[in-house]
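Here is coords_17.cif, consisting of mmCIF, C-alpha atoms and all ligand atoms:
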```cif
data_data
#
loop_
_atom_site.group_PDB
_atom_site.id
_atom_site.type_symbol
_atom_site.label_atom_id
_atom_site.label_comp_id
_atom_site.auth_asym_id
_atom_site.auth_seq_id
_atom_site.Cartn_x
_atom_site.Cartn_y
_atom_site.Cartn_z
ATOM 1 C CA MET A 235 86.273 38.131 69.047
ATOM 2 C CA TRP A 236 88.531 39.634 71.737
ATOM 3 C CA GLU A 237 90.342 42.913 71.165
ATOM 4 C CA TYR A 238 94.015 42.090 71.639
ATOM 5 C CA THR A 239 96.918 44.522 71.597
ATOM 6 C CA ASP A 240 99.681 44.054 69.034
ATOM 7 C CA LYS A 241 101.974 42.906 71.813
ATOM 8 C CA VAL A 242 99.541 40.180 72.895
ATOM 9 C CA LYS A 243 99.218 39.024 69.293
ATOM 10 C CA ASP A 244 102.968 39.088 68.840
ATOM 11 C CA HIS A 245 103.609 36.943 71.947
ATOM 12 C CA PHE A 246 100.777 34.591 70.982
ATOM 13 C CA PHE A 247 102.004 34.016 67.419
ATOM 14 C CA ASN A 248 105.699 34.020 68.373
ATOM 15 C CA PRO A 249 105.908 32.989 72.012
ATOM 16 C CA HIS A 250 109.279 33.409 73.711
ATOM 17 C CA ASN A 251 110.939 30.890 76.027
ATOM 18 C CA VAL A 252 108.671 27.922 75.401
ATOM 19 C CA GLY A 253 109.618 24.658 77.090
ATOM 20 C CA GLU A 254 111.289 23.694 80.349
ATOM 21 C CA VAL A 255 114.617 24.833 81.740
ATOM 22 C CA GLU A 256 117.046 21.977 82.237
ATOM 23 C CA ASN A 257 117.713 21.232 85.923
ATOM 24 C CA PRO A 258 115.580 24.169 87.052
ATOM 25 C CA ASP A 259 116.088 25.875 90.415
ATOM 26 C CA GLY A 260 112.401 26.691 90.736
ATOM 27 C CA ILE A 261 109.245 25.081 89.335
ATOM 28 C CA GLY A 262 105.773 26.598 89.571
ATOM 29 C CA GLU A 263 102.739 24.693 88.372
ATOM 30 C CA VAL A 264 99.286 26.240 88.656
ATOM 31 C CA GLY A 265 95.826 25.799 87.198
ATOM 32 C CA SER A 266 94.493 22.533 85.866
ATOM 33 C CA LEU A 267 93.405 21.135 82.562
ATOM 34 C CA ALA A 268 89.959 20.519 84.047
ATOM 35 C CA CYS A 269 89.613 24.274 84.650
ATOM 36 C CA GLY A 270 90.742 25.139 81.137
ATOM 37 C CA ASP A 271 94.080 26.819 81.960
ATOM 38 C CA ALA A 272 97.342 25.427 83.275
ATOM 39 C CA LEU A 273 100.833 26.850 83.420
ATOM 40 C CA LYS A 274 104.225 25.421 84.316
ATOM 41 C CA LEU A 275 107.014 27.940 84.835
ATOM 42 C CA THR A 276 110.638 26.962 85.402
ATOM 43 C CA PHE A 277 113.677 29.131 86.062
ATOM 44 C CA LYS A 278 117.393 28.831 86.647
ATOM 45 C CA LEU A 279 119.537 31.202 88.690
ATOM 46 C CA ASP A 280 123.097 32.219 87.915
ATOM 47 C CA LYS A 281 125.804 32.194 90.587
ATOM 48 C CA ASN A 282 124.797 35.687 91.718
ATOM 49 C CA GLY A 283 121.183 34.714 92.353
ATOM 50 C CA ILE A 284 119.889 36.398 89.193
ATOM 51 C CA ILE A 285 117.271 34.626 87.053
ATOM 52 C CA ALA A 286 119.385 33.606 84.081
ATOM 53 C CA ASP A 287 116.783 31.567 82.230
ATOM 54 C CA ALA A 288 113.026 31.043 82.416
ATOM 55 C CA LYS A 289 110.675 28.960 80.322
ATOM 56 C CA PHE A 290 107.023 28.046 80.288
ATOM 57 C CA LYS A 291 104.568 25.440 79.114
ATOM 58 C CA THR A 292 100.932 26.356 79.095
ATOM 59 C CA PHE A 293 97.566 25.027 78.169
ATOM 60 C CA GLY A 294 95.085 27.788 77.475
ATOM 61 C CA CYS A 295 93.952 30.581 75.232
ATOM 62 C CA ALA A 296 95.896 33.258 73.363
ATOM 63 C CA SER A 297 96.078 35.416 76.500
ATOM 64 C CA ALA A 298 97.441 32.552 78.592
ATOM 65 C CA ILE A 299 100.210 31.995 76.048
ATOM 66 C CA ALA A 300 100.989 35.716 75.696
ATOM 67 C CA THR A 301 101.075 36.371 79.472
ATOM 68 C CA SER A 302 103.301 33.333 80.101
ATOM 69 C CA SER A 303 105.627 34.346 77.297
ATOM 70 C CA VAL A 304 105.948 37.942 78.426
ATOM 71 C CA LEU A 305 106.375 36.901 82.059
ATOM 72 C CA THR A 306 109.428 34.808 81.224
ATOM 73 C CA ASP A 307 110.903 37.857 79.437
ATOM 74 C CA MET A 308 110.096 40.111 82.390
ATOM 75 C CA ILE A 309 111.786 37.993 85.051
ATOM 76 C CA LYS A 310 115.048 37.250 83.246
ATOM 77 C CA GLY A 311 117.800 39.381 84.754
ATOM 78 C CA LEU A 312 115.919 39.977 88.028
ATOM 79 C CA THR A 313 116.745 38.786 91.519
ATOM 80 C CA LEU A 314 114.074 36.663 93.203
ATOM 81 C CA GLU A 315 113.205 39.583 95.478
ATOM 82 C CA GLU A 316 112.596 41.777 92.449
ATOM 83 C CA ALA A 317 110.645 39.087 90.601
ATOM 84 C CA ALA A 318 108.462 38.442 93.650
ATOM 85 C CA LYS A 319 107.180 42.007 93.436
ATOM 86 C CA ILE A 320 105.629 41.517 89.988
ATOM 87 C CA THR A 321 101.829 41.764 90.137
ATOM 88 C CA ASN A 322 99.240 40.493 87.685
ATOM 89 C CA ARG A 323 98.601 44.126 86.789
ATOM 90 C CA ASP A 324 102.297 44.531 85.841
ATOM 91 C CA ILE A 325 102.046 41.550 83.504
ATOM 92 C CA ALA A 326 98.883 42.879 81.839
ATOM 93 C CA ASP A 327 100.403 46.370 81.557
ATOM 94 C CA TYR A 328 103.535 44.957 79.952
ATOM 95 C CA LEU A 329 101.304 43.574 77.203
ATOM 96 C CA GLY A 330 99.604 46.925 76.757
ATOM 97 C CA GLY A 331 96.502 45.559 78.479
ATOM 98 C CA LEU A 332 94.314 42.470 78.265
ATOM 99 C CA PRO A 333 90.579 42.151 77.647
ATOM 100 C CA GLU A 334 88.899 42.343 81.086
ATOM 101 C CA GLN A 335 87.506 38.823 80.617
ATOM 102 C CA LYS A 336 91.052 37.525 80.208
ATOM 103 C CA MET A 337 92.660 39.091 83.255
ATOM 104 C CA HIS A 338 92.643 35.687 84.976
ATOM 105 C CA CYS A 339 95.537 34.753 82.671
ATOM 106 C CA SER A 340 97.686 37.486 84.211
ATOM 107 C CA VAL A 341 96.703 36.219 87.674
ATOM 108 C CA MET A 342 97.707 32.702 86.659
ATOM 109 C CA GLY A 343 101.114 34.051 85.566
ATOM 110 C CA ARG A 344 101.658 35.791 88.886
ATOM 111 C CA GLU A 345 100.611 32.629 90.774
ATOM 112 C CA ALA A 346 103.009 30.455 88.747
ATOM 113 C CA LEU A 347 105.859 32.860 89.445
ATOM 114 C CA GLU A 348 105.139 32.878 93.170
ATOM 115 C CA ALA A 349 104.850 29.093 93.203
ATOM 116 C CA ALA A 350 108.208 28.732 91.422
ATOM 117 C CA ILE A 351 109.934 31.109 93.856
ATOM 118 C CA GLU A 352 108.420 29.281 96.809
ATOM 119 C CA ASN A 353 109.491 25.983 95.326
ATOM 120 C CA TYR A 354 113.072 27.263 95.081
ATOM 121 C CA ARG A 355 113.072 28.687 98.608
ATOM 122 C CA SER A 356 111.808 25.408 100.051
ATOM 123 C CA GLY A 357 114.686 23.567 98.409
ATOM 124 C CA GLY A 358 112.407 22.080 95.761
ATOM 125 C CA LYS A 359 110.036 20.584 98.317
ATOM 126 C CA LYS A 360 107.100 22.933 98.142
ATOM 127 C CA LYS A 361 104.499 22.652 95.416
ATOM 128 C CA HIS A 362 101.674 25.085 94.784
ATOM 129 C CA GLU A 363 98.876 24.500 97.277
ATOM 130 C CA LEU A 364 95.521 26.136 97.735
ATOM 131 C CA GLU A 365 95.613 28.339 100.799
ATOM 132 C CA GLY A 366 92.448 29.091 102.701
ATOM 133 C CA ARG A 367 88.889 27.887 102.383
ATOM 134 C CA VAL A 368 87.685 26.981 98.894
ATOM 135 C CA VAL A 369 84.829 29.309 97.964
ATOM 136 C CA CYS A 370 84.369 28.353 94.314
ATOM 137 C CA THR A 371 84.382 24.584 94.020
ATOM 138 C CA CYS A 372 83.850 24.717 90.249
ATOM 139 C CA PHE A 373 87.278 26.317 89.737
ATOM 140 C CA GLY A 374 88.945 25.525 93.057
ATOM 141 C CA VAL A 375 89.388 29.183 94.044
ATOM 142 C CA THR A 376 89.954 30.001 97.701
ATOM 143 C CA GLU A 377 88.807 32.925 99.812
ATOM 144 C CA ASN A 378 92.429 34.127 100.059
ATOM 145 C CA GLU A 379 92.825 34.290 96.295
ATOM 146 C CA ILE A 380 89.483 36.057 95.818
ATOM 147 C CA GLU A 381 90.376 38.623 98.484
ATOM 148 C CA ARG A 382 93.753 39.164 96.909
ATOM 149 C CA VAL A 383 92.493 39.844 93.379
ATOM 150 C CA ILE A 384 89.847 42.185 94.773
ATOM 151 C CA ARG A 385 92.391 44.159 96.796
ATOM 152 C CA GLU A 386 95.170 44.260 94.217
ATOM 153 C CA ASN A 387 92.895 45.223 91.336
ATOM 154 C CA ASN A 388 90.276 47.296 93.175
ATOM 155 C CA LEU A 389 87.447 45.044 92.008
ATOM 156 C CA THR A 390 83.886 45.937 92.954
ATOM 157 C CA THR A 391 81.630 43.389 91.209
ATOM 158 C CA VAL A 392 81.280 39.610 91.064
ATOM 159 C CA GLU A 393 81.672 39.745 87.271
ATOM 160 C CA GLN A 394 85.076 41.373 87.686
ATOM 161 C CA VAL A 395 86.119 38.717 90.206
ATOM 162 C CA THR A 396 85.111 36.047 87.677
ATOM 163 C CA ASN A 397 87.206 37.775 85.032
ATOM 164 C CA TYR A 398 90.238 37.878 87.310
ATOM 165 C CA CYS A 399 90.192 34.432 88.889
ATOM 166 C CA LYS A 400 87.265 32.541 87.316
ATOM 167 C CA ALA A 401 85.456 32.168 90.659
ATOM 168 C CA GLY A 402 81.718 32.416 90.044
ATOM 169 C CA GLY A 403 82.020 31.577 86.360
ATOM 170 C CA GLY A 404 80.649 28.021 86.583
ATOM 171 C CA CYS A 405 77.442 26.956 88.339
ATOM 172 C CA GLY A 406 77.178 30.348 90.023
ATOM 173 C CA GLY A 407 76.631 28.785 93.462
ATOM 174 C CA CYS A 408 79.439 30.842 95.030
ATOM 175 C CA ARG A 409 78.381 34.228 93.682
ATOM 176 C CA GLY A 410 76.564 35.231 96.886
ATOM 177 C CA GLU A 411 79.663 34.501 98.911
ATOM 178 C CA ILE A 412 81.883 36.453 96.523
ATOM 179 C CA GLU A 413 79.460 39.370 96.882
ATOM 180 C CA LYS A 414 79.908 39.222 100.670
ATOM 181 C CA ILE A 415 83.704 39.195 100.369
ATOM 182 C CA ILE A 416 83.520 42.292 98.148
ATOM 183 C CA GLU A 417 81.218 44.022 100.641
ATOM 184 C CA ASN A 418 83.539 43.235 103.548
ATOM 185 C CA ILE A 419 86.560 44.649 101.728
ATOM 186 C CA GLN A 420 84.648 47.751 100.688
ATOM 187 C CA GLY A 421 83.488 48.169 104.302
ATOM 188 C CA GLU A 422 87.115 47.980 105.488
ATOM 189 C CA LYS A 423 88.157 50.562 102.904
ATOM 190 C CA ALA A 424 85.340 52.929 103.889
ATOM 191 C CA GLY A 425 86.419 52.588 107.531
ATOM 192 C CA ARG A 426 89.997 53.411 106.601
ATOM 193 C CA ILE A 427 88.903 56.487 104.630
ATOM 194 C CA ILE A 428 87.012 57.852 107.642
ATOM 195 C CA GLU A 429 89.987 57.159 109.894
ATOM 196 C CA THR A 430 92.494 58.813 107.613
ATOM 197 C CA ALA A 431 90.446 61.578 106.003
ATOM 198 C CA PRO A 432 90.685 65.063 107.429
ATOM 199 C CA ARG A 433 87.755 65.412 109.769
ATOM 200 C CA TRP A 434 86.241 68.198 107.700
ATOM 201 C CA ALA A 435 85.986 65.784 104.758
ATOM 202 C CA VAL A 436 83.582 63.555 106.674
ATOM 203 C CA ARG A 437 79.908 64.506 106.701
ATOM 204 C CA LEU A 438 78.888 65.143 110.291
ATOM 205 C CA THR A 439 75.493 65.390 111.959
ATOM 206 C CA ASN A 440 74.938 68.528 114.097
ATOM 207 C CA ILE A 441 75.473 66.572 117.280
ATOM 208 C CA GLN A 442 78.680 65.016 115.940
ATOM 209 C CA LYS A 443 79.863 68.465 114.858
ATOM 210 C CA ILE A 444 79.298 69.989 118.321
ATOM 211 C CA GLN A 445 81.000 67.006 119.967
ATOM 212 C CA LEU A 446 83.954 67.345 117.608
ATOM 213 C CA ILE A 447 84.210 71.082 118.259
ATOM 214 C CA GLN A 448 84.228 70.431 122.012
ATOM 215 C CA GLN A 449 86.782 67.657 121.607
ATOM 216 C CA THR A 450 89.019 69.900 119.478
ATOM 217 C CA ILE A 451 88.811 72.683 122.064
ATOM 218 C CA ASN A 452 89.663 70.246 124.856
ATOM 219 C CA GLU A 453 92.518 68.509 123.073
ATOM 220 C CA GLN A 454 93.975 71.024 120.630
ATOM 221 C CA ILE A 455 93.250 74.507 121.985
ATOM 222 C CA ARG A 456 92.705 74.485 125.750
ATOM 223 C CA PRO A 457 96.099 73.030 126.737
ATOM 224 C CA ALA A 458 97.947 75.880 124.949
ATOM 225 C CA LEU A 459 95.782 78.562 126.564
ATOM 226 C CA ARG A 460 96.019 77.001 130.012
ATOM 227 C CA ALA A 461 99.789 76.937 129.717
ATOM 228 C CA HIS A 462 99.591 80.750 129.699
ATOM 229 C CA GLY A 463 97.055 81.045 132.517
ATOM 230 C CA GLY A 464 94.038 81.371 130.249
ATOM 231 C CA ASP A 465 91.160 79.195 129.188
ATOM 232 C CA ILE A 466 88.316 78.981 126.713
ATOM 233 C CA GLU A 467 84.716 77.893 126.974
ATOM 234 C CA LEU A 468 82.378 76.796 124.201
ATOM 235 C CA ILE A 469 79.206 78.823 124.564
ATOM 236 C CA ASP A 470 77.145 77.843 121.567
ATOM 237 C CA VAL A 471 77.185 76.629 117.969
ATOM 238 C CA GLU A 472 74.810 78.245 115.484
ATOM 239 C CA GLY A 473 75.226 76.651 112.057
ATOM 240 C CA ASN A 474 78.861 77.321 111.202
ATOM 241 C CA LYS A 475 79.237 80.046 113.850
ATOM 242 C CA VAL A 476 81.069 78.886 116.957
ATOM 243 C CA ILE A 477 80.632 81.200 119.952
ATOM 244 C CA VAL A 478 83.307 81.029 122.613
ATOM 245 C CA ALA A 479 84.239 82.926 125.739
ATOM 246 C CA PHE A 480 87.781 83.461 126.961
ATOM 247 C CA ARG A 481 88.624 82.942 130.627
ATOM 248 C CA GLY A 482 91.478 83.762 132.986
ATOM 249 C CA MET A 483 94.405 85.639 131.432
ATOM 250 C CA CYS A 484 92.836 85.301 127.985
ATOM 251 C CA ALA A 485 89.808 87.336 129.078
ATOM 252 C CA GLN A 486 92.006 90.386 129.690
ATOM 253 C CA CYS A 487 94.488 89.817 126.928
ATOM 254 C CA LYS A 488 94.684 92.379 124.143
ATOM 255 C CA LEU A 489 95.544 89.627 121.699
ATOM 256 C CA THR A 490 92.259 87.730 122.003
ATOM 257 C CA GLU A 491 91.330 88.723 118.454
ATOM 258 C CA PHE A 492 94.525 87.099 117.215
ATOM 259 C CA THR A 493 94.038 84.022 119.435
ATOM 260 C CA MET A 494 90.476 83.629 118.225
ATOM 261 C CA LYS A 495 91.302 83.711 114.503
ATOM 262 C CA ASP A 496 94.797 82.288 114.315
ATOM 263 C CA VAL A 497 94.495 79.650 116.998
ATOM 264 C CA VAL A 498 90.891 78.778 117.779
ATOM 265 C CA GLU A 499 89.385 79.221 114.335
ATOM 266 C CA ALA A 500 92.393 77.707 112.576
ATOM 267 C CA LYS A 501 92.281 74.561 114.745
ATOM 268 C CA LEU A 502 88.525 74.171 114.406
ATOM 269 C CA ARG A 503 88.807 74.493 110.649
ATOM 270 C CA GLU A 504 91.602 71.961 110.552
ATOM 271 C CA PHE A 505 89.931 69.382 112.775
ATOM 272 C CA VAL A 506 86.199 69.903 112.264
ATOM 273 C CA SER A 507 85.140 71.894 109.194
ATOM 274 C CA ASP A 508 86.799 74.508 107.022
ATOM 275 C CA GLU A 509 83.491 76.398 106.956
ATOM 276 C CA LEU A 510 83.523 77.255 110.663
ATOM 277 C CA PHE A 511 84.100 80.796 111.944
ATOM 278 C CA VAL A 512 84.500 81.853 115.533
ATOM 279 C CA GLU A 513 82.994 84.767 117.468
ATOM 280 C CA GLU A 514 83.623 85.827 121.024
ATOM 281 C CA ASP A 515 80.701 86.138 123.411
ATOM 282 C CA LYS A 516 81.565 89.525 124.950
ATOM 283 C CA ASP A 517 78.560 89.438 127.308
ATOM 284 C CA SER A 518 79.656 86.212 128.824
ATOM 285 C CA THR A 519 80.682 86.403 132.488
ATOM 286 C CA GLN A 520 83.781 84.824 133.886
ATOM 287 C CA GLU A 521 81.648 82.078 135.389
ATOM 288 C CA PRO A 522 81.383 78.769 133.577
ATOM 289 C CA HIS A 523 78.332 78.513 131.304
ATOM 290 C CA ASN A 524 76.101 75.829 130.022
ATOM 291 C CA HIS A 525 75.319 76.031 126.295
ATOM 292 C CA ARG A 526 72.533 78.401 125.404
ATOM 293 C CA GLU A 527 69.143 76.836 124.853
HETATM 294 S S1 LIG A 601 81.016 27.123 92.874
HETATM 295 FE FE1 LIG A 601 81.775 28.924 91.951
HETATM 296 S S2 LIG A 601 80.913 28.880 90.006
HETATM 297 FE FE2 LIG A 601 80.279 27.008 90.835
#
```

Would you mind writing the file's structure down as C-alpha cells?
Amino acid sequence: MWEYTDKVKDHFFNPHNVGEVENPDGIGEVGSLACGDALKLTFKLDKNGIIADAKFKTFGCASAIATSSVLTDMIKGLTLEEAAKITNRDIADYLGGLPEQKMHCSVMGREALEAAIENYRSGGKKKHELEGRVVCTCFGVTENEIERVIRENNLTTVEQVTNYCKAGGGCGGCRGEIEKIIENIQGEKAGRIIETAPRWAVRLTNIQKIQLIQQTINEQIRPALRAHGGDIELIDVEGNKVIVAFRGMCAQCKLTEFTMKDVVEAKLREFVSDELFVEEDKDSTQEPHNHRE
C-alpha cells in the first residue's frame, strides 16, 4: 500500500476539472494505454492570453489522477510562459509529495502540459512526439527524456530513473544504457564542479600544487610587482611552505613583509590552498634560481 498525502487522497477521491474543455486552444496527449498511463490535458485562454479553463482525462492510478487534477488547478490563471515553467517537482510538491515509485505521474503531467502548450503555439498542428533515440522500447522512453528527468531531479540510480519515467521497468534490457547515461551526466557535473570550485577546494597532487603556485605567481602576482619595477621568483615549496625571493625594486623595498603576506600569500591562498604560507629566501642572490633539489 502506498503512503499518500492527504492532498493526494483528496484529489484522487474528488478530482477537479475532469473532462475536456470545449473548443480548446491547446491539447496535450501523452502516455499510452499499453504502458499503463495516459493523460489528455486541454486548456482555453481568455482574451488576455491567460489560461481561463483547463481539464483532464486520464487513465492510470491514484497518483496519475491526483497529479492531473492538481495540475489543472495550478495552471488556471497563469500565462503560457508562466505555465511552461512548471516542473514535475513543482507538481509533486504541490501535492505534498508523491511516493518515489509514483513520480512518473508528475513527469507525465509536465509532459502533457508542455505538449498542450506546443500544440497551441503550432496553431493546433503539433501533437506530442518522441524526441531523440528510444532507449527503453518497453515504455517508449527516449534518451532525451531520460536525461531530462535525471538532470531535473538529480537522479543517481537506474531504479530512480524507472520511478520517474518508467524506463528500465519492463524487460530490463535498457538498464545498462540508462546506467551509462547517469554516469555521463555525473561526469559532466564533476567536471563543472572542478571548473567552478575555488582551486583550494580541489585535491591537488604535489606536482599540480607546485604548477598552480607557479601559475598563480605568473598570472596573479608578477604583473603587479613588475608594474612597480620589481619581480618575484619561486625558490622552493616544502609542504605548505612556499619560499620566494624578491627581485628588482622589491628586493630593496622596506614593504616586502607587507607584499609577502598581503599580496603573495593572500593570492596563493585564494588560488591554490588556504593552508599555504610564504617565506622569503633572504640568502637568495639577485640572480635567477632553479628550484632547490
Ligand atoms: S527496454 Fe527498457 S525495460 Fe525493456

Let me make sure I understand: among A:Thr450, A:Thr376, A:Asn248, A:Asn353, which one has the smallest atom-to-atom distance to A:Ser507 if we use all atoms listed in the file?
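So, comparing all the options, the nearest one is A:Thr450.
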
I'd like the contact shell of A:Thr239 - 8 Å cut-off, only C-alpha atoms, skipping same-chain residues fewer than 6 positions apart - returned as a PyMOL selection string.
chain A and resi 329-332

Taking all atoms listed in the file into account, name the residue in A:Val341, A:Val255, A:Leu468, A:Ile284 that is nearest to A:Ile384.
A:Val341

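Selection around (101.1, 43.4, 72.8) with radius 10 Å, counting all atoms listed in the file, yields the residues Tyr238, Thr239, Asp240, Lys241, Val242, Lys243, Asp244, His245, Phe246, Ala300, Thr301, Val304, Ala326, Asp327, Tyr328, Leu329, Gly330, Gly331 and Leu332 of chain A.
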
If we count all atoms listed in the file, what is near A:Thr276 at a cut-off of 7 Å, once residues fewer than 6 positions away on the same chain are taken out, given as number ranges by chain?
A: 254-255, 258, 260-262, 288-290, 350

May I ask for the distance between atom CA of A:Lys291 and atom CA of A:Asp307, given in Å to one decimal place?
13.9 Å

Hits of the PyMOL selection byres (((chain A and resi 498) around 12) and not hetatm) in this structure, as a ChimeraX atom specification
/A:447-448,450-459,465-468,476-480,490-497,499-506,510-514
